[in-house]
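Worksheet: the structure to be examined is printed underneath.
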Amino acid sequence: MTSFSIGDADFLRDGQPHQVIAGAIHYFRVHPDQWQDRIHKARLMGLNTIETYVAWNAHEPRRGEWDASGWNDLGRFLDLVHAEGMDAIVRPGPYICAEWHNGGLPVWLTGGERELRSSEPAFLADVSAYLRRVYEIVSPRQIDRGGPVVLVQIENEYGAYGADKAYLEALVAVTRDAGITVPLTTVDQPVDQMLADGSLPELHKTGSFGSRSAERLATLRKHQPTGPLMCSEFWDGWFDWWGGVHHTTDVSAAAADLDVLLAAGASVNVYMFHGGTNFGLTNGANDKGRYLPLVTSYDYDAPLDEAGDPTEKFFAFREVIARYAPVPEELPTRTAAAPAFDVALAPLGAWTDAAASGPVTDRPQTFDDLSHLSALVRYDVELHGAGGLLAVDDVRDLAWVSVAGQPVGTLSRTRHDRSVRIPAGGLLSILVEDQGRVNYDHRLGEEKGLLGAVTLDGVPLTGWRSTPLDVAAIAAEFGERSGADTADGPRAWAGDFSLEEPGDLFVDTSEWSKGYAFVNGFFLGRYWRNGPQRTLYVPAPATRAGANRLIVLELENLVAPRAAFVGALSLGDTEE
């Protein structure tokens, strides 16, 4: 069997110096039928290793309901990496950030008052159980057992969050006890305090950065005086949020920084090689004083774009890598433009009007109170004829307010809204959307919904019913339905189209307002006129030869009742 270890200055593969040239692909952001294609293209760029996070909340969204099949089949993903002749790096967290909802931590874990990412016993017990499950998959696939895994990371940029050394020691212990024998690493930004707080002496420190490579390597070397230098997150792009721009990085500058890394003999992991998509409701959010939910696309301006096609950055990086390592002669080709066509959308009826359910409570129940994992909860209360200034303590994250079925206004967390004037009427309904769980810093695990008291002219409103709405289940109900409905407001729409063969598609959402889209039951994700993203990616395996159906769950109004399928991605305006 092959050995992999850390030497005085290098990684050692069977005792010989080895430079890791890796790229990140998150299996949970890519359709499983496309894993092999993306891995193969990574090798064609000259990479010798694939890195992936493990998203705990994808595997165990509800406590005890562990799933490692289909989209969550980490073992199959690693086996495909091995079949391509490549190595693998696994980063199981438990916290991953990754612009993924709740930083990868399950909502059932983060609710309540427990101290996250710490040696608090109850938290550590849950984390240990999770890691043991992951290592059941990873351990037999280590390089010294004939598999591809050469490195396993402990936690993730922990120095930016805490300094609980007992926590890190416990993670190391459960990792080693589970049979992980390959070298263990940590990653932190090249800041003295982060590098000091985020690791242990027995763990190999690596850095995360995207520029000023020589300077960052020098900082890293102060904290890791021996062994190989490694940038285990070389940021070659960035992520986007609703209401912002599509972020890109200069190709030549990124290639030059990669060249500096490789010329210094450092190992590298390109983050991302292929970003993929936040399908469904999996996008995260940032909040550094202003809440910014992230878009559905995780294109990241990476060497492979969201649809898996090579970009200019792919070929620039390939040219750099070829100076330091063998690169296959084979080149990937861009796929032909996707078919462009229009599909008429037929209205199927209201979809947010489910009968009120659950107990009557003095205050609205949060998503967390309801153990609700989907995007919406509707809150209803009788006004008994009164109108006035409606005020909420906190709305997370976007609310549509109506009285007696008539829209009144919206309350947005991003805008820091807290009040709206409402007319006298009968039933007050507030539809609240969880737009994405914060994935960074100390807002992990925050509750969603209407928080605290809701008052009308300063008087608390009581007698609430809180009704969870499962977006995917509702879309499935409409999948076989036909009919006609012309009312305004939240409506479901359907469009039928035929394809000669399965293939990637791009649906233009610029004439829709805000909502969710599905093709043949596959949850494409969220759309919003707020931009920058203008297309939703439809992976080929979600389509089929013959009849296909698009379901749109619109929260506001369509500008035009049609779906325009276009030839390529449209991710929005850039800063240039």
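In the structure tokens, chains take letters A, B, ... by order of appearance, with residues numbered from 1 within each chain and ligands from 1 in the order shown.
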Leu398 (chain A) surroundings by only C-alpha atoms, 12 Å radius, close-in-sequence under 5 positions cut, as an NGL selection string: :A and (291-293 or 375-378 or 409-418 or 430-436 or 448-450 or 514 or 555)
Output file for the residues above (N, CA and C atoms, as a CSV table (one decimal), in the first residue's frame):
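File written: selection-v8.csv
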chain,number,residue,atom,x,y,z
A,291,TYR,N,-28.0,41.7,7.1
A,291,TYR,CA,-28.2,40.3,6.7
A,291,TYR,C,-28.2,40.3,5.2
A,292,LEU,N,-27.4,39.4,4.6
A,292,LEU,CA,-27.3,39.2,3.2
A,292,LEU,C,-27.4,37.7,2.8
A,293,PRO,N,-28.6,37.3,2.4
A,293,PRO,CA,-28.7,35.9,2.0
A,293,PRO,C,-28.0,35.6,0.6
A,375,ALA,N,-39.0,26.5,3.8
A,375,ALA,CA,-38.7,28.0,3.7
A,375,ALA,C,-39.7,28.9,4.3
A,376,LEU,N,-40.9,28.4,4.6
A,376,LEU,CA,-42.0,29.3,4.9
A,376,LEU,C,-42.8,28.9,6.1
A,377,VAL,N,-43.3,29.9,6.9
A,377,VAL,CA,-44.3,29.7,7.9
A,377,VAL,C,-45.3,30.8,7.8
A,378,ARG,N,-46.6,30.5,7.8
A,378,ARG,CA,-47.6,31.5,7.8
A,378,ARG,C,-48.2,31.7,9.2
A,409,GLY,N,-48.0,45.1,2.8
A,409,GLY,CA,-46.6,45.5,2.7
A,409,GLY,C,-45.7,44.3,3.1
A,410,THR,N,-44.4,44.6,3.1
A,410,THR,CA,-43.4,43.6,3.5
A,410,THR,C,-42.5,44.2,4.6
A,411,LEU,N,-41.9,43.2,5.3
A,411,LEU,CA,-41.0,43.5,6.4
A,411,LEU,C,-39.7,42.7,6.1
A,412,SER,N,-38.6,43.4,5.9
A,412,SER,CA,-37.3,42.8,5.5
A,412,SER,C,-36.3,42.9,6.6
A,413,ARG,N,-35.7,41.8,6.9
A,413,ARG,CA,-34.5,41.9,7.9
A,413,ARG,C,-33.4,42.6,7.3
A,414,THR,N,-33.1,42.5,6.0
A,414,THR,CA,-32.0,43.1,5.3
A,414,THR,C,-32.2,44.7,5.4
A,415,ARG,N,-33.4,45.1,5.3
A,415,ARG,CA,-33.7,46.6,5.4
A,415,ARG,C,-33.9,47.0,6.9
A,416,HIS,N,-33.8,46.1,7.8
A,416,HIS,CA,-34.0,46.4,9.2
A,416,HIS,C,-35.4,46.9,9.5
A,417,ASP,N,-36.4,46.4,8.7
A,417,ASP,CA,-37.8,46.8,9.0
A,417,ASP,C,-38.3,46.2,10.3
A,418,ARG,N,-39.2,47.0,10.9
A,418,ARG,CA,-39.8,46.4,12.1
A,418,ARG,C,-41.3,46.8,12.2
A,430,ILE,N,-49.3,36.8,8.2
A,430,ILE,CA,-47.9,37.2,7.9
A,430,ILE,C,-47.1,36.0,7.4
A,431,LEU,N,-46.7,36.0,6.2
A,431,LEU,CA,-46.0,34.9,5.6
A,431,LEU,C,-44.5,35.2,5.7
A,432,VAL,N,-43.8,34.4,6.4
A,432,VAL,CA,-42.4,34.6,6.7
A,432,VAL,C,-41.5,33.6,5.9
A,433,GLU,N,-40.5,34.1,5.3
A,433,GLU,CA,-39.5,33.2,4.6
A,433,GLU,C,-38.2,33.2,5.3
A,434,ASP,N,-37.7,32.0,5.6
A,434,ASP,CA,-36.3,31.8,6.0
A,434,ASP,C,-35.5,31.9,4.7
A,435,GLN,N,-34.7,32.9,4.6
A,435,GLN,CA,-33.9,33.1,3.3
A,435,GLN,C,-32.6,32.5,3.3
A,436,GLY,N,-32.2,31.8,4.4
A,436,GLY,CA,-30.9,31.2,4.5
A,436,GLY,C,-30.3,31.4,5.8
A,448,LYS,N,-35.4,31.3,13.3
A,448,LYS,CA,-36.1,31.9,12.2
A,448,LYS,C,-37.6,32.1,12.4
A,449,GLY,N,-38.2,33.0,11.7
A,449,GLY,CA,-39.6,33.3,11.9
A,449,GLY,C,-39.8,34.7,12.5
A,450,LEU,N,-41.0,34.9,13.1
A,450,LEU,CA,-41.3,36.1,13.8
A,450,LEU,C,-40.8,35.8,15.3
A,514,LYS,N,-40.3,36.5,-7.2
A,514,LYS,CA,-39.5,35.8,-6.1
A,514,LYS,C,-40.2,34.5,-5.9
A,555,LEU,N,-44.1,33.9,-5.2
A,555,LEU,CA,-44.5,34.5,-4.0
A,555,LEU,C,-45.2,35.8,-4.2
Within 12 Å of Asn530 (chain A) using only C-alpha atoms, minus same-chain residues under 5 positions, as a list in words: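 With the cut-off at 12 Å, the set is Trp241, Trp242, Gly243, Gly244, Val245, Leu292, Pro293, Leu294, Val295, Thr509, Ser510, Glu511, Trp512, Ser513, Lys514, Gly515, Gly572 and Asp573 of chain A.
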Kindly save the residues from that selection, with N, CA and C atoms included, as a compact mmCIF listing (two decimals), in the first residue's frame.
# COMPACT_ATOMS: atom_id res chain seq x y z
N TRP A 241 -24.40 37.43 -3.24
CA TRP A 241 -25.60 37.54 -2.40
C TRP A 241 -26.66 38.32 -3.15
N TRP A 242 -27.91 38.05 -2.77
CA TRP A 242 -29.03 38.74 -3.40
C TRP A 242 -28.92 40.25 -3.16
N GLY A 243 -29.10 41.01 -4.24
CA GLY A 243 -29.01 42.45 -4.16
C GLY A 243 -27.62 42.98 -4.41
N GLY A 244 -26.64 42.10 -4.62
CA GLY A 244 -25.27 42.51 -4.88
C GLY A 244 -24.93 42.37 -6.36
N VAL A 245 -23.64 42.15 -6.62
CA VAL A 245 -23.16 41.94 -7.98
C VAL A 245 -22.61 40.52 -8.09
N LEU A 292 -27.42 39.37 4.63
CA LEU A 292 -27.29 39.20 3.18
C LEU A 292 -27.40 37.73 2.82
N PRO A 293 -28.58 37.29 2.37
CA PRO A 293 -28.72 35.89 1.96
C PRO A 293 -28.01 35.64 0.63
N LEU A 294 -27.43 34.46 0.50
CA LEU A 294 -26.63 34.13 -0.68
C LEU A 294 -27.49 33.55 -1.78
N VAL A 295 -27.04 33.70 -3.01
CA VAL A 295 -27.82 33.29 -4.17
C VAL A 295 -27.77 31.78 -4.35
N THR A 509 -35.06 33.75 -15.20
CA THR A 509 -36.08 34.11 -14.20
C THR A 509 -36.35 35.60 -14.16
N SER A 510 -35.86 36.36 -15.13
CA SER A 510 -35.93 37.82 -15.04
C SER A 510 -37.35 38.36 -15.15
N GLU A 511 -38.30 37.56 -15.66
CA GLU A 511 -39.69 38.02 -15.73
C GLU A 511 -40.53 37.45 -14.60
N TRP A 512 -39.89 36.85 -13.63
CA TRP A 512 -40.57 36.40 -12.41
C TRP A 512 -40.15 37.32 -11.27
N SER A 513 -40.79 37.21 -10.13
CA SER A 513 -40.47 38.10 -9.01
C SER A 513 -39.65 37.39 -7.93
N LYS A 514 -40.26 36.48 -7.21
CA LYS A 514 -39.53 35.77 -6.15
C LYS A 514 -40.21 34.45 -5.87
N GLY A 515 -39.43 33.40 -5.74
CA GLY A 515 -40.03 32.11 -5.44
C GLY A 515 -39.08 30.96 -5.64
N GLY A 572 -25.38 37.75 -13.70
CA GLY A 572 -25.57 39.12 -13.30
C GLY A 572 -24.41 40.03 -13.60
N ASP A 573 -24.63 41.31 -13.34
CA ASP A 573 -23.62 42.33 -13.58
C ASP A 573 -22.47 42.18 -12.61
List as CSV every residue of region 60-119 of chain A that is in contact with region 152-158 of chain A, defined as an atom at most 6 Å from one of its atoms (using only C-alpha atoms), together with the nearest atom pair and the distance in Å rounded to one decimal, sorted by chain and then rising number.
residue,atom,partner,partner_atom,distance
A:Ile89,CA,A:Val152,CA,5.9
A:Val90,CA,A:Val152,CA,5.0
A:Arg91,CA,A:Gln153,CA,4.8
A:Gly93,CA,A:Glu155,CA,4.4
A:Ile96,CA,A:Asn156,CA,5.9
From A:Val30, A:Ala9, A:Val392, A:Leu109, residue lying nearest Phe77 (chain A) [only C-alpha atoms]: A:Val30
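Minimum distance to Arg43 (chain A) across A:Ser232, A:Gly159, A:Thr175, A:Pro332 (counting only C-alpha atoms) occurs at A:Pro332.
Distance annotation: of A:Ala160, A:Met45, A:Ala88, A:Leu184, the residue with the minimal separation from Gly147 (chain A) is A:Ala88; atom set is only C-alpha atoms.
Between Gly111 (chain A) and the residues A:Val559, A:Met272, A:Leu203, A:Phe123, the shortest atom-to-atom distance, using only C-alpha atoms, involves A:Phe123.
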Selection: 12 Å around Asp240 (chain A), only C-alpha atoms, excl. self and same-chain fewer than 3 positions, as a PyMOL selection string: chain A and resi 99+237+243-248+275+277-278+283-286+292-301+531-533+571-575
Residues of region 158-401 of chain A in alpha helix (DSSP H), written as a PyMOL selection string: chain A and resi 165-177+192-197+213-223+251-263+312-321
Counting only C-alpha atoms, what are the residues of region 171-250 of chain A within 9 Å of region 161-165 of chain A, and for each of them which pair of atoms is the nearest and at what distance in Å, to one decimal? Sort the table by chain and rising number, as JSON lines.
{"residue": "A:Met194", "atom": "CA", "partner": "A:Tyr161", "partner_atom": "CA", "distance": 8.5}
{"residue": "A:Ala196", "atom": "CA", "partner": "A:Ala163", "partner_atom": "CA", "distance": 8.5}
{"residue": "A:Asp197", "atom": "CA", "partner": "A:Ala163", "partner_atom": "CA", "distance": 4.8}
{"residue": "A:Gly198", "atom": "CA", "partner": "A:Ala163", "partner_atom": "CA", "distance": 6.3}
{"residue": "A:Ser199", "atom": "CA", "partner": "A:Lys165", "partner_atom": "CA", "distance": 7.7}
{"residue": "A:Leu200", "atom": "CA", "partner": "A:Lys165", "partner_atom": "CA", "distance": 7.2}
Exercise: Ala545 (chain A) partners within 8 Å, only C-alpha atoms, chain neighbours under 5 positions left out, as a PyMOL selection string: chain A and resi 498-502
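Minimum distance to Arg526 (chain A) across A:Asp496, A:Val138, A:Ala472, A:Trp400 (counting only C-alpha atoms) occurs at A:Ala472.
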Proximity to Leu229 (chain A) - best of A:Ser119, A:Asn548, A:Ser357, A:Gln19, only C-alpha atoms: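 So, comparing all the options, the nearest one is A:Gln19.
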10 Å contact set for Tyr130 (chain A), only C-alpha atoms, chain neighbours under 2 positions out, as a ChimeraX atom specification: /A:56,59-60,64,66,92-94,124-128,132-135
Long-range neighbours of Gly276 (chain A) as an NGL selection string, 12 Å cut-off, only C-alpha atoms, 4 positions minimum in chain: :A and (24-32 or 34-35 or 38 or 98 or 100 or 239 or 271-272 or 282-283 or 295-309 or 524 or 536-539)
Restricting the output to N, CA and C atoms, write the selected residues as an mmCIF file, in the first residue's frame.
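The resulting file, result.cif, is shown below:
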data_model
loop_
_atom_site.group_PDB
_atom_site.id
_atom_site.type_symbol
_atom_site.label_atom_id
_atom_site.label_comp_id
_atom_site.auth_asym_id
_atom_site.auth_seq_id
_atom_site.Cartn_x
_atom_site.Cartn_y
_atom_site.Cartn_z
ATOM 1 N N ALA A 24 -11.219 21.988 -5.054
ATOM 2 C CA ALA A 24 -12.416 21.693 -4.267
ATOM 3 C C ALA A 24 -13.615 21.430 -5.168
ATOM 4 N N ILE A 25 -14.296 20.316 -4.880
ATOM 5 C CA ILE A 25 -15.606 19.987 -5.440
ATOM 6 C C ILE A 25 -16.450 19.486 -4.280
ATOM 7 N N HIS A 26 -17.561 20.127 -4.018
ATOM 8 C CA HIS A 26 -18.452 19.683 -2.946
ATOM 9 C C HIS A 26 -19.492 18.741 -3.543
ATOM 10 N N TYR A 27 -19.412 17.476 -3.182
ATOM 11 C CA TYR A 27 -20.312 16.494 -3.768
ATOM 12 C C TYR A 27 -21.772 16.867 -3.571
ATOM 13 N N PHE A 28 -22.091 17.566 -2.477
ATOM 14 C CA PHE A 28 -23.473 17.911 -2.159
ATOM 15 C C PHE A 28 -23.976 19.100 -2.969
ATOM 16 N N ARG A 29 -23.116 19.708 -3.783
ATOM 17 C CA ARG A 29 -23.523 20.824 -4.648
ATOM 18 C C ARG A 29 -23.561 20.430 -6.119
ATOM 19 N N VAL A 30 -23.342 19.155 -6.399
ATOM 20 C CA VAL A 30 -23.269 18.672 -7.776
ATOM 21 C C VAL A 30 -24.151 17.441 -7.901
ATOM 22 N N HIS A 31 -24.920 17.353 -8.976
ATOM 23 C CA HIS A 31 -25.750 16.164 -9.170
ATOM 24 C C HIS A 31 -24.847 14.926 -9.211
ATOM 25 N N PRO A 32 -25.198 13.868 -8.475
ATOM 26 C CA PRO A 32 -24.324 12.678 -8.428
ATOM 27 C C PRO A 32 -23.981 12.103 -9.788
ATOM 28 N N GLN A 34 -23.178 13.680 -12.250
ATOM 29 C CA GLN A 34 -22.169 14.546 -12.870
ATOM 30 C C GLN A 34 -20.852 14.569 -12.090
ATOM 31 N N TRP A 35 -20.781 13.816 -11.002
ATOM 32 C CA TRP A 35 -19.539 13.799 -10.217
ATOM 33 C C TRP A 35 -18.345 13.375 -11.058
ATOM 34 N N ARG A 38 -16.969 16.053 -13.468
ATOM 35 C CA ARG A 38 -16.242 17.152 -12.824
ATOM 36 C C ARG A 38 -14.877 16.689 -12.305
ATOM 37 N N ALA A 98 -18.422 27.418 4.123
ATOM 38 C CA ALA A 98 -18.724 27.024 2.746
ATOM 39 C C ALA A 98 -19.905 27.763 2.131
ATOM 40 N N TRP A 100 -22.701 27.606 3.020
ATOM 41 C CA TRP A 100 -23.743 26.574 3.088
ATOM 42 C C TRP A 100 -24.603 26.845 4.316
ATOM 43 N N PHE A 239 -18.211 34.466 -3.650
ATOM 44 C CA PHE A 239 -19.616 34.107 -3.711
ATOM 45 C C PHE A 239 -20.481 35.361 -3.877
ATOM 46 N N TYR A 271 -9.802 26.721 -4.224
ATOM 47 C CA TYR A 271 -11.166 26.814 -3.702
ATOM 48 C C TYR A 271 -11.877 27.934 -4.458
ATOM 49 N N MET A 272 -12.780 27.608 -5.354
ATOM 50 C CA MET A 272 -13.254 26.295 -5.750
ATOM 51 C C MET A 272 -12.662 25.921 -7.120
ATOM 52 N N THR A 282 -30.501 25.376 0.224
ATOM 53 C CA THR A 282 -29.248 25.108 0.925
ATOM 54 C C THR A 282 -28.303 26.298 1.009
ATOM 55 N N ASN A 283 -28.684 27.444 0.445
ATOM 56 C CA ASN A 283 -27.791 28.609 0.505
ATOM 57 C C ASN A 283 -27.645 29.109 1.938
ATOM 58 N N VAL A 295 -27.035 33.704 -3.010
ATOM 59 C CA VAL A 295 -27.824 33.288 -4.168
ATOM 60 C C VAL A 295 -27.765 31.778 -4.352
ATOM 61 N N THR A 296 -28.567 31.291 -5.295
ATOM 62 C CA THR A 296 -28.639 29.859 -5.561
ATOM 63 C C THR A 296 -27.372 29.343 -6.240
ATOM 64 N N SER A 297 -26.835 30.113 -7.170
ATOM 65 C CA SER A 297 -25.610 29.690 -7.850
ATOM 66 C C SER A 297 -24.416 29.757 -6.911
ATOM 67 N N TYR A 298 -23.544 28.744 -6.992
ATOM 68 C CA TYR A 298 -22.256 28.807 -6.308
ATOM 69 C C TYR A 298 -21.152 28.701 -7.361
ATOM 70 N N ASP A 299 -21.342 29.420 -8.450
ATOM 71 C CA ASP A 299 -20.396 29.408 -9.561
ATOM 72 C C ASP A 299 -18.982 29.765 -9.114
ATOM 73 N N TYR A 300 -18.869 30.769 -8.247
ATOM 74 C CA TYR A 300 -17.618 31.155 -7.584
ATOM 75 C C TYR A 300 -16.557 31.694 -8.547
ATOM 76 N N ASP A 301 -16.931 31.924 -9.815
ATOM 77 C CA ASP A 301 -15.948 32.325 -10.831
ATOM 78 C C ASP A 301 -14.779 31.335 -10.850
ATOM 79 N N ALA A 302 -15.115 30.062 -10.789
ATOM 80 C CA ALA A 302 -14.134 28.978 -10.671
ATOM 81 C C ALA A 302 -13.653 28.524 -12.044
ATOM 82 N N PRO A 303 -12.611 27.684 -12.088
ATOM 83 C CA PRO A 303 -12.140 27.155 -13.371
ATOM 84 C C PRO A 303 -13.194 26.371 -14.149
ATOM 85 N N LEU A 304 -14.075 25.649 -13.437
ATOM 86 C CA LEU A 304 -15.266 25.096 -14.076
ATOM 87 C C LEU A 304 -16.445 25.940 -13.621
ATOM 88 N N ASP A 305 -17.277 26.385 -14.572
ATOM 89 C CA ASP A 305 -18.408 27.218 -14.174
ATOM 90 C C ASP A 305 -19.509 26.373 -13.547
ATOM 91 N N GLU A 306 -20.610 27.008 -13.200
ATOM 92 C CA GLU A 306 -21.681 26.317 -12.493
ATOM 93 C C GLU A 306 -22.171 25.089 -13.247
ATOM 94 N N ALA A 307 -22.152 25.151 -14.584
ATOM 95 C CA ALA A 307 -22.630 24.047 -15.405
ATOM 96 C C ALA A 307 -21.527 23.056 -15.770
ATOM 97 N N GLY A 308 -20.322 23.240 -15.212
ATOM 98 C CA GLY A 308 -19.254 22.275 -15.452
ATOM 99 C C GLY A 308 -18.430 22.525 -16.693
ATOM 100 N N ASP A 309 -18.542 23.697 -17.294
ATOM 101 C CA ASP A 309 -17.748 24.023 -18.470
ATOM 102 C C ASP A 309 -16.460 24.730 -18.068
ATOM 103 N N LEU A 524 -34.734 23.145 -8.179
ATOM 104 C CA LEU A 524 -33.636 23.939 -8.715
ATOM 105 C C LEU A 524 -33.108 24.950 -7.712
ATOM 106 N N LEU A 536 -31.481 29.995 -13.566
ATOM 107 C CA LEU A 536 -31.343 28.816 -12.724
ATOM 108 C C LEU A 536 -30.810 27.683 -13.586
ATOM 109 N N TYR A 537 -29.798 26.996 -13.064
ATOM 110 C CA TYR A 537 -29.194 25.882 -13.784
ATOM 111 C C TYR A 537 -30.022 24.620 -13.595
ATOM 112 N N VAL A 538 -30.368 23.985 -14.727
ATOM 113 C CA VAL A 538 -31.096 22.711 -14.718
ATOM 114 C C VAL A 538 -30.117 21.624 -15.149
ATOM 115 N N PRO A 539 -29.611 20.794 -14.238
ATOM 116 C CA PRO A 539 -28.641 19.770 -14.646
ATOM 117 C C PRO A 539 -29.292 18.723 -15.535
#
DSSP strand (DSSP E) residues within region 48-223 of chain A, as a count of residues only: 26
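One finds CA of His82 (chain A) at 9.2 Å from CA of Gly146 (chain A).
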Exercise: Thr455 (chain A) partners within 9 Å, only C-alpha atoms, chain neighbours under 2 positions left out, as number ranges by chain: A: 389-393, 453, 457-462
Atoms kept (C-alpha atoms) for selection, written as a PDB file, in the first residue's frame:
ATOM      1  CA  LEU A 389     -49.187  50.312  13.459  1.00  0.00           C
ATOM      2  CA  LEU A 390     -48.080  46.697  13.384  1.00  0.00           C
ATOM      3  CA  ALA A 391     -44.644  46.230  14.966  1.00  0.00           C
ATOM      4  CA  VAL A 392     -42.495  43.113  15.376  1.00  0.00           C
ATOM      5  CA  ASP A 393     -39.492  42.567  17.629  1.00  0.00           C
ATOM      6  CA  ALA A 453     -43.789  40.013  20.562  1.00  0.00           C
ATOM      7  CA  ASP A 457     -50.394  50.244  18.369  1.00  0.00           C
ATOM      8  CA  GLY A 458     -48.257  48.970  21.218  1.00  0.00           C
ATOM      9  CA  VAL A 459     -50.697  46.291  22.389  1.00  0.00           C
ATOM     10  CA  PRO A 460     -49.484  42.673  22.067  1.00  0.00           C
ATOM     11  CA  LEU A 461     -51.418  40.539  19.601  1.00  0.00           C
ATOM     12  CA  THR A 462     -52.249  37.077  20.947  1.00  0.00           C
TER      13      THR A 462
END
